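This is upload-v7.cif (mmCIF, C-alpha atoms).
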data_final
loop_
_atom_site.label_atom_id
_atom_site.label_comp_id
_atom_site.auth_asym_id
_atom_site.auth_seq_id
_atom_site.Cartn_x
_atom_site.Cartn_y
_atom_site.Cartn_z
CA MET W 1 -17.94 -0.91 34.20
CA SER W 2 -16.35 2.40 33.28
CA VAL W 3 -17.36 5.30 31.08
CA ARG W 4 -14.61 7.28 29.43
CA LEU W 5 -15.93 10.85 29.12
CA LYS W 6 -14.70 13.03 26.24
CA ILE W 7 -14.89 16.08 28.50
CA LEU W 8 -12.14 14.59 30.69
CA ASN W 9 -9.91 14.30 27.62
CA SER W 10 -10.54 17.65 26.03
CA GLY W 11 -13.01 19.75 28.02
CA TYR W 12 -10.48 22.24 29.38
CA SER W 13 -9.78 25.93 28.90
CA ILE W 14 -6.92 27.04 26.65
CA GLY W 15 -4.92 28.03 29.74
CA THR W 16 -5.35 24.61 31.31
CA LYS W 17 -4.43 22.87 28.04
CA ALA W 18 -1.26 25.00 27.90
CA LEU W 19 -0.46 23.99 31.48
CA PHE W 20 -0.93 20.30 30.60
CA ALA W 21 1.44 20.75 27.64
CA MET W 22 4.08 22.38 29.86
CA ILE W 23 3.84 19.63 32.49
CA GLN W 24 4.05 16.98 29.77
CA LEU W 25 7.11 18.68 28.30
CA ALA W 26 8.84 18.93 31.69
CA SER W 27 8.02 15.38 32.83
CA ARG W 28 8.30 13.84 29.33
CA ARG W 29 5.21 11.80 30.20
CA PRO W 30 1.51 12.23 29.52
CA LEU W 31 -0.32 13.81 32.43
CA PRO W 32 -1.99 11.04 34.49
CA ASP W 33 -5.79 10.95 34.39
CA ALA W 34 -5.89 11.53 38.17
CA ALA W 35 -4.22 14.92 37.61
CA LYS W 36 -6.44 15.82 34.64
CA LEU W 37 -9.61 15.03 36.61
CA VAL W 38 -8.98 17.68 39.25
CA PHE W 39 -8.71 20.39 36.58
CA TYR W 40 -12.11 19.66 35.06
CA ARG W 41 -14.71 22.05 36.56
CA ALA W 42 -12.30 22.47 39.44
CA ASP W 43 -14.79 24.41 41.57
CA PHE W 44 -17.17 21.41 41.57
CA TYR W 45 -14.68 18.70 42.51
CA GLY W 46 -10.97 19.34 41.95
CA GLU W 47 -10.22 22.27 44.21
CA PRO W 48 -12.00 21.04 47.37
CA MET W 49 -10.75 17.49 46.80
CA LYS W 50 -7.13 18.60 46.30
CA GLU W 51 -7.27 20.58 49.55
CA LEU W 52 -8.85 17.69 51.47
CA THR W 53 -6.45 15.09 50.08
CA HIS W 54 -3.40 17.26 50.73
CA GLN W 55 -4.45 17.81 54.34
CA ALA W 56 -5.10 14.09 54.83
CA MET W 57 -1.86 12.96 53.18
CA ARG W 58 0.59 15.74 54.02
CA GLY W 59 -0.99 17.72 56.87
CA PRO W 60 0.11 17.41 60.51
CA SER W 61 -0.36 13.83 61.80
CA ALA W 62 1.30 11.30 64.09
CA TRP W 63 1.29 8.99 61.03
CA SER W 64 4.27 9.37 58.72
CA ILE W 65 3.80 10.19 55.03
CA GLY W 66 4.83 6.61 54.27
CA ASP W 67 2.16 5.26 56.64
CA ARG W 68 -0.53 7.38 55.00
CA GLU W 69 0.56 6.44 51.48
CA LEU W 70 0.50 2.79 52.58
CA MET W 71 -3.06 3.28 53.86
CA ALA W 72 -3.96 4.78 50.47
CA ALA W 73 -2.48 1.79 48.64
CA PHE W 74 -4.16 -0.66 51.03
CA VAL W 75 -7.63 0.93 50.74
CA SER W 76 -7.17 1.00 46.95
CA GLN W 77 -6.26 -2.69 46.97
CA THR W 78 -9.41 -3.45 48.99
CA ASN W 79 -11.42 -1.61 46.32
CA GLU W 80 -9.45 -3.41 43.56
CA CYS W 81 -8.57 -0.07 41.98
CA ALA W 82 -5.50 -0.93 39.88
CA PHE W 83 -4.59 2.68 39.01
CA CYS W 84 -4.56 3.85 42.65
CA VAL W 85 -2.80 0.69 43.89
CA GLY W 86 0.00 1.31 41.38
CA ALA W 87 0.26 5.02 42.15
CA HIS W 88 0.29 4.74 45.95
CA THR W 89 2.36 1.56 46.17
CA ALA W 90 5.10 3.49 44.36
CA THR W 91 4.60 6.57 46.54
CA ALA W 92 4.59 4.61 49.82
CA ALA W 93 7.73 2.71 48.75
CA GLY W 94 9.42 6.03 47.96
CA ALA W 95 8.37 7.64 51.24
CA TYR W 96 9.57 4.69 53.32
CA ARG W 97 12.55 4.02 51.03
CA ASP W 98 11.47 0.42 51.52
CA ARG W 99 9.71 -1.41 48.70
CA GLU W 100 9.61 -4.75 50.57
CA ARG W 101 7.66 -3.32 53.51
CA VAL W 102 4.88 -2.09 51.21
CA ALA W 103 4.84 -5.31 49.19
CA ALA W 104 4.61 -7.38 52.38
CA VAL W 105 1.56 -5.46 53.63
CA LEU W 106 -0.23 -5.71 50.29
CA SER W 107 0.60 -9.41 50.10
CA ASN W 108 -0.46 -10.39 53.64
CA LEU W 109 -1.31 -7.82 56.31
CA GLU W 110 -1.17 -10.40 59.12
CA THR W 111 2.40 -11.55 58.47
CA ALA W 112 3.90 -8.25 57.28
CA PRO W 113 6.73 -6.93 59.49
CA ILE W 114 5.04 -3.70 60.59
CA GLU W 115 4.12 -2.05 63.89
CA GLU W 116 0.97 -3.40 65.60
CA PRO W 117 -0.82 -0.01 65.79
CA LEU W 118 -0.48 0.36 62.00
CA ARG W 119 -1.63 -3.23 61.43
CA ALA W 120 -4.72 -2.74 63.62
CA THR W 121 -5.54 0.49 61.80
CA LEU W 122 -5.20 -1.12 58.37
CA ARG W 123 -7.49 -3.98 59.47
CA MET W 124 -10.14 -1.45 60.48
CA LEU W 125 -9.77 0.49 57.20
CA ARG W 126 -10.17 -2.75 55.23
CA ARG W 127 -13.38 -3.63 57.06
CA LEU W 128 -14.76 -0.11 56.67
CA THR W 129 -13.96 -0.06 52.95
CA HIS W 130 -15.32 -3.54 52.34
CA GLU W 131 -18.44 -3.42 54.51
CA HIS W 132 -19.03 0.36 54.48
CA ALA W 133 -19.37 0.44 58.29
CA VAL W 134 -17.51 -0.52 61.45
CA ASP W 135 -18.73 -0.82 65.02
CA ALA W 136 -17.42 0.35 68.39
CA ASN W 137 -15.81 -3.05 69.08
CA GLU W 138 -13.65 -2.64 65.98
CA MET W 139 -12.59 0.79 67.17
CA ARG W 140 -11.85 -0.53 70.67
CA ARG W 141 -9.45 -3.06 69.14
CA VAL W 142 -7.62 -0.27 67.34
CA LEU W 143 -7.44 1.88 70.48
CA ALA W 144 -6.24 -1.15 72.48
CA ALA W 145 -3.39 -1.61 69.97
CA GLY W 146 -2.08 1.78 71.07
CA VAL W 147 -3.55 4.02 68.37
CA SER W 148 -4.78 7.42 69.59
CA ARG W 149 -8.20 8.84 68.75
CA GLU W 150 -6.50 11.53 66.64
CA GLN W 151 -4.57 8.91 64.69
CA ILE W 152 -7.79 7.03 63.95
CA GLU W 153 -9.42 10.25 62.76
CA ASP W 154 -6.41 10.95 60.52
CA ALA W 155 -6.55 7.42 59.07
CA LEU W 156 -10.29 7.83 58.40
CA ALA W 157 -9.56 11.01 56.43
CA VAL W 158 -7.13 9.04 54.22
CA CYS W 159 -9.76 6.33 53.86
CA PHE W 160 -12.38 8.90 52.83
CA ALA W 161 -10.11 10.45 50.21
CA PHE W 162 -9.29 7.11 48.59
CA ASN W 163 -12.74 5.61 48.76
CA THR W 164 -13.77 8.65 46.73
CA THR W 165 -10.81 8.63 44.33
CA ASN W 166 -10.90 4.85 43.74
CA ARG W 167 -14.54 5.08 42.60
CA LEU W 168 -13.77 7.91 40.21
CA ALA W 169 -10.66 6.18 38.82
CA ASP W 170 -12.67 3.06 38.04
CA ALA W 171 -15.87 4.82 36.90
CA PHE W 172 -13.96 7.08 34.49
CA GLY W 173 -11.56 4.34 33.33
CA PHE W 174 -8.24 5.96 34.24
CA SER W 175 -5.42 4.81 31.91
CA MET W 176 -2.68 2.74 33.49
CA PRO W 177 0.63 4.58 33.03
CA GLY W 178 2.97 1.60 33.61
CA PRO W 179 5.81 1.25 36.15
CA LYS W 180 7.85 4.25 34.93
CA GLY W 181 4.78 6.43 34.90
CA PHE W 182 3.91 5.41 38.47
CA GLU W 183 7.50 6.11 39.59
CA SER W 184 7.40 9.54 38.00
CA GLY W 185 4.01 10.26 39.64
CA ALA W 186 5.31 9.09 43.01
CA LYS W 187 8.28 11.48 42.81
CA PHE W 188 5.89 14.34 42.06
CA LEU W 189 3.56 13.45 44.96
CA LEU W 190 6.49 13.20 47.39
CA LEU W 191 7.89 16.53 46.23
CA ARG W 192 4.70 18.56 45.87
CA GLY W 193 1.88 16.68 47.59
CA TYR W 194 -1.68 16.89 46.31
CA LYS W 195 -2.24 20.63 45.84
CA MET X 1 -25.53 6.07 30.89
CA LYS X 2 -24.73 7.95 27.70
CA GLU X 3 -27.52 6.08 25.89
CA SER X 4 -30.03 7.31 28.47
CA GLY X 5 -29.65 10.83 27.06
CA LEU X 6 -27.61 12.30 29.92
CA THR X 7 -24.94 14.80 28.94
CA GLU X 8 -21.32 14.09 29.84
CA ASP X 9 -21.45 16.89 32.39
CA GLN X 10 -24.48 15.32 34.04
CA ILE X 11 -22.72 11.94 34.17
CA PHE X 12 -19.63 13.62 35.63
CA GLU X 13 -21.72 15.24 38.39
CA LEU X 14 -23.61 12.01 39.15
CA VAL X 15 -20.44 9.92 39.42
CA VAL X 16 -18.66 12.46 41.63
CA CYS X 17 -21.71 12.78 43.92
CA ALA X 18 -22.12 9.00 44.18
CA ALA X 19 -18.43 8.53 45.05
CA VAL X 20 -18.36 11.31 47.64
CA GLY X 21 -21.68 10.14 49.06
CA GLN X 22 -20.53 6.55 49.61
CA ALA X 23 -17.20 7.64 51.11
CA THR X 24 -19.07 10.05 53.40
CA ARG X 25 -21.40 7.30 54.67
CA GLN X 26 -18.37 5.16 55.51
CA TYR X 27 -16.59 8.06 57.21
CA GLU X 28 -19.60 9.03 59.32
CA SER X 29 -20.21 5.42 60.37
CA ALA X 30 -16.60 5.14 61.51
CA LEU X 31 -16.67 8.43 63.44
CA GLU X 32 -19.83 7.30 65.26
CA ALA X 33 -18.18 3.99 66.15
CA LEU X 34 -15.08 5.81 67.37
CA ALA X 35 -17.13 8.19 69.52
CA ALA X 36 -19.00 5.22 71.03
CA ALA X 37 -15.73 3.37 71.74
CA VAL X 38 -14.19 6.40 73.42
CA THR X 39 -17.34 7.13 75.47
CA ASP X 40 -17.42 3.52 76.66
CA GLY X 41 -13.95 3.75 78.15
CA GLY X 42 -11.51 3.77 75.29
CA ARG X 43 -9.02 6.59 75.55
#

Any chance you could give the structure as structure tokens?
Amino acid sequence: MSVRLKILNSGYSIGTKALFAMIQLASRRPLPDAAKLVFYRADFYGEPMKELTHQAMRGPSAWSIGDRELMAAFVSQTNECAFCVGAHTATAAGAYRDRERVAAVLSNLETAPIEEPLRATLRMLRRLTHEHAVDANEMRRVLAAGVSREQIEDALAVCFAFNTTNRLADAFGFSMPGPKGFESGAKFLLLRGYK
Amino acid sequence: MKESGLTEDQIFELVVCAAVGQATRQYESALEALAAAVTDGGR
């Protein structure tokens, strides 16, 4: 069940509303709800979350940007968050320049043609997202697949960011922008990141 | 939630805190599991 808050439609300063209008004019598309959310009382949620998400998704990591966007899409699929699945499927496909790879993972992780370390990591993220906990045996399986401790920590940061964002997208009833809107958002995220 | 008399700002704060709280519990559980796996002879 979602609750669409009026403050997330119109509770912004004049300066922020002007910024929204400029972005809308430049992109020729309405600003996605995910972008609007981080401007509302930005000191309470938006600013720290933008910084955290940017670090997780674009900061230094042995995982590529495509891998991390795929993790975001996969976690979002586990949470059945349609907005975030659409947004990060498009962004992962753009980062990899390979739509089929992303579609294969989201269709069936076990048969998708991806590297085993990434597969083992995605399995662990799915369990963590679904059951809210994992044990040391699960982590040993990921390490045994050739994933470093640092890579696991980086993947957990992605998982944290999207387990937060998925809940907000669903709770606040984010509008679905459609395929062209997701493509446009993906281009922005690949160009500018999450800041 | 709106019918309970909460303001929209209060609902906003509650939803954000609930989302961050649940994601934090997951994250901390996973870090503990990772530390245990590494201590027990992972890498």

- Name the residues that the PyMOL selection byres ((chain W and resi 120) around 9) picks from the file above, as a list in words, using the file's chain letters and numbers.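 For this structure, the PyMOL selection byres ((chain W and resi 120) around 9) captures Glu115, Glu116, Pro117, Leu118, Arg119, Thr121, Leu122, Arg123, Met124, Leu125, Arg141, Val142, Leu143, Ala145 and Val147 of chain W.
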
- Message: Near chain X, meaning an atom within 10 Å, which residues of chain W appear when counting only C-alpha atoms? Write them as number ranges by chain.
- Response: W: 3-8, 11, 40-41, 44-45, 49, 124-125, 128-144, 146-149, 152-153, 156-168, 171-172

- Task: Would you list the contacts of Arg28 in chain W as a PyMOL selection string, taking every protein, DNA or RNA residue within 12 Å and counting only C-alpha atoms, but skipping same-chain residues closer than 3 positions in sequence?
- Result: chain W and resi 20-25+31-32+180-181+184-185

Store the residues picked out above, limited to C-alpha atoms, as a JSON list (two decimals), keeping the file's coordinate frame.
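Result file is part03.json:
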[["chain", "number", "residue", "atom", "x", "y", "z"],
["W", 20, "PHE", "CA", -0.93, 20.30, 30.60],
["W", 21, "ALA", "CA", 1.44, 20.75, 27.64],
["W", 22, "MET", "CA", 4.08, 22.38, 29.86],
["W", 23, "ILE", "CA", 3.84, 19.63, 32.49],
["W", 24, "GLN", "CA", 4.05, 16.98, 29.77],
["W", 25, "LEU", "CA", 7.11, 18.68, 28.30],
["W", 31, "LEU", "CA", -0.32, 13.81, 32.43],
["W", 32, "PRO", "CA", -1.99, 11.04, 34.49],
["W", 180, "LYS", "CA", 7.85, 4.25, 34.93],
["W", 181, "GLY", "CA", 4.78, 6.43, 34.90],
["W", 184, "SER", "CA", 7.40, 9.54, 38.00],
["W", 185, "GLY", "CA", 4.01, 10.26, 39.64]]

- Distance of CA of Gly193 in chain W from CA of Met57 in chain W, expressed in Å to one decimal place: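 CA of Met57 in chain W sits 7.7 Å away from CA of Gly193 in chain W.
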
- Task: Grab the CA of Ala186 in chain W to CA of Thr89 in chain W distance for me, in Å with one decimal place.
- Result: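 Interatomic distance, CA of Ala186 in chain W to CA of Thr89 in chain W: 8.7 Å.
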
- Can you tell me how far CA of Asn108 in chain W sits from CA of Arg126 in chain W, in Å to one decimal? 12.5 Å

- Note on the structure: Closest of W:Ala18, W:Ala73, W:Ala26, W:Leu109 to Thr91 in chain W, counting all atoms listed in the file, is W:Ala73

Centre and edge lengths, as JSON, for the axis-aligned box enclosing every listed atom of range 33-38 of chain W with 5 Å of padding on each of the six sides, in Å to one decimal?
{"center_x": -6.9, "center_y": 14.3, "center_z": 36.8, "size_x": 15.4, "size_y": 16.7, "size_z": 14.9}

- Item | From W:Arg101, W:Leu70, W:Glu51, W:Pro60, residue lying nearest Gly86 in chain W [all atoms listed in the file] |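 For Gly86 in chain W, the nearest of the given residues is W:Leu70.
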
- Might you spell out which residues the PyMOL selection byres ((chain W and resi 36) around 10) would select in the displayed file, as a VMD selection string? chain W and resid 8 to 10 12 16 to 17 20 31 to 35 37 to 40 46

- List every protein, DNA or RNA residue with an atom no more than 6 Å from (-3.5, 8.4, 56.8) in the file's coordinates, counting all atoms listed in the file, and format the result as a list of chain:residue names.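 With a cut-off of 6 Å, the residues come to W:Arg68, W:Met71, W:Asp154, W:Ala155, W:Val158.
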
- Using only C-alpha atoms: which of W:Ala90, W:Ala95, W:Val105, W:Pro179 has the shortest distance to Arg58 in chain W: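 For Arg58 in chain W, the nearest of the given residues is W:Ala95.
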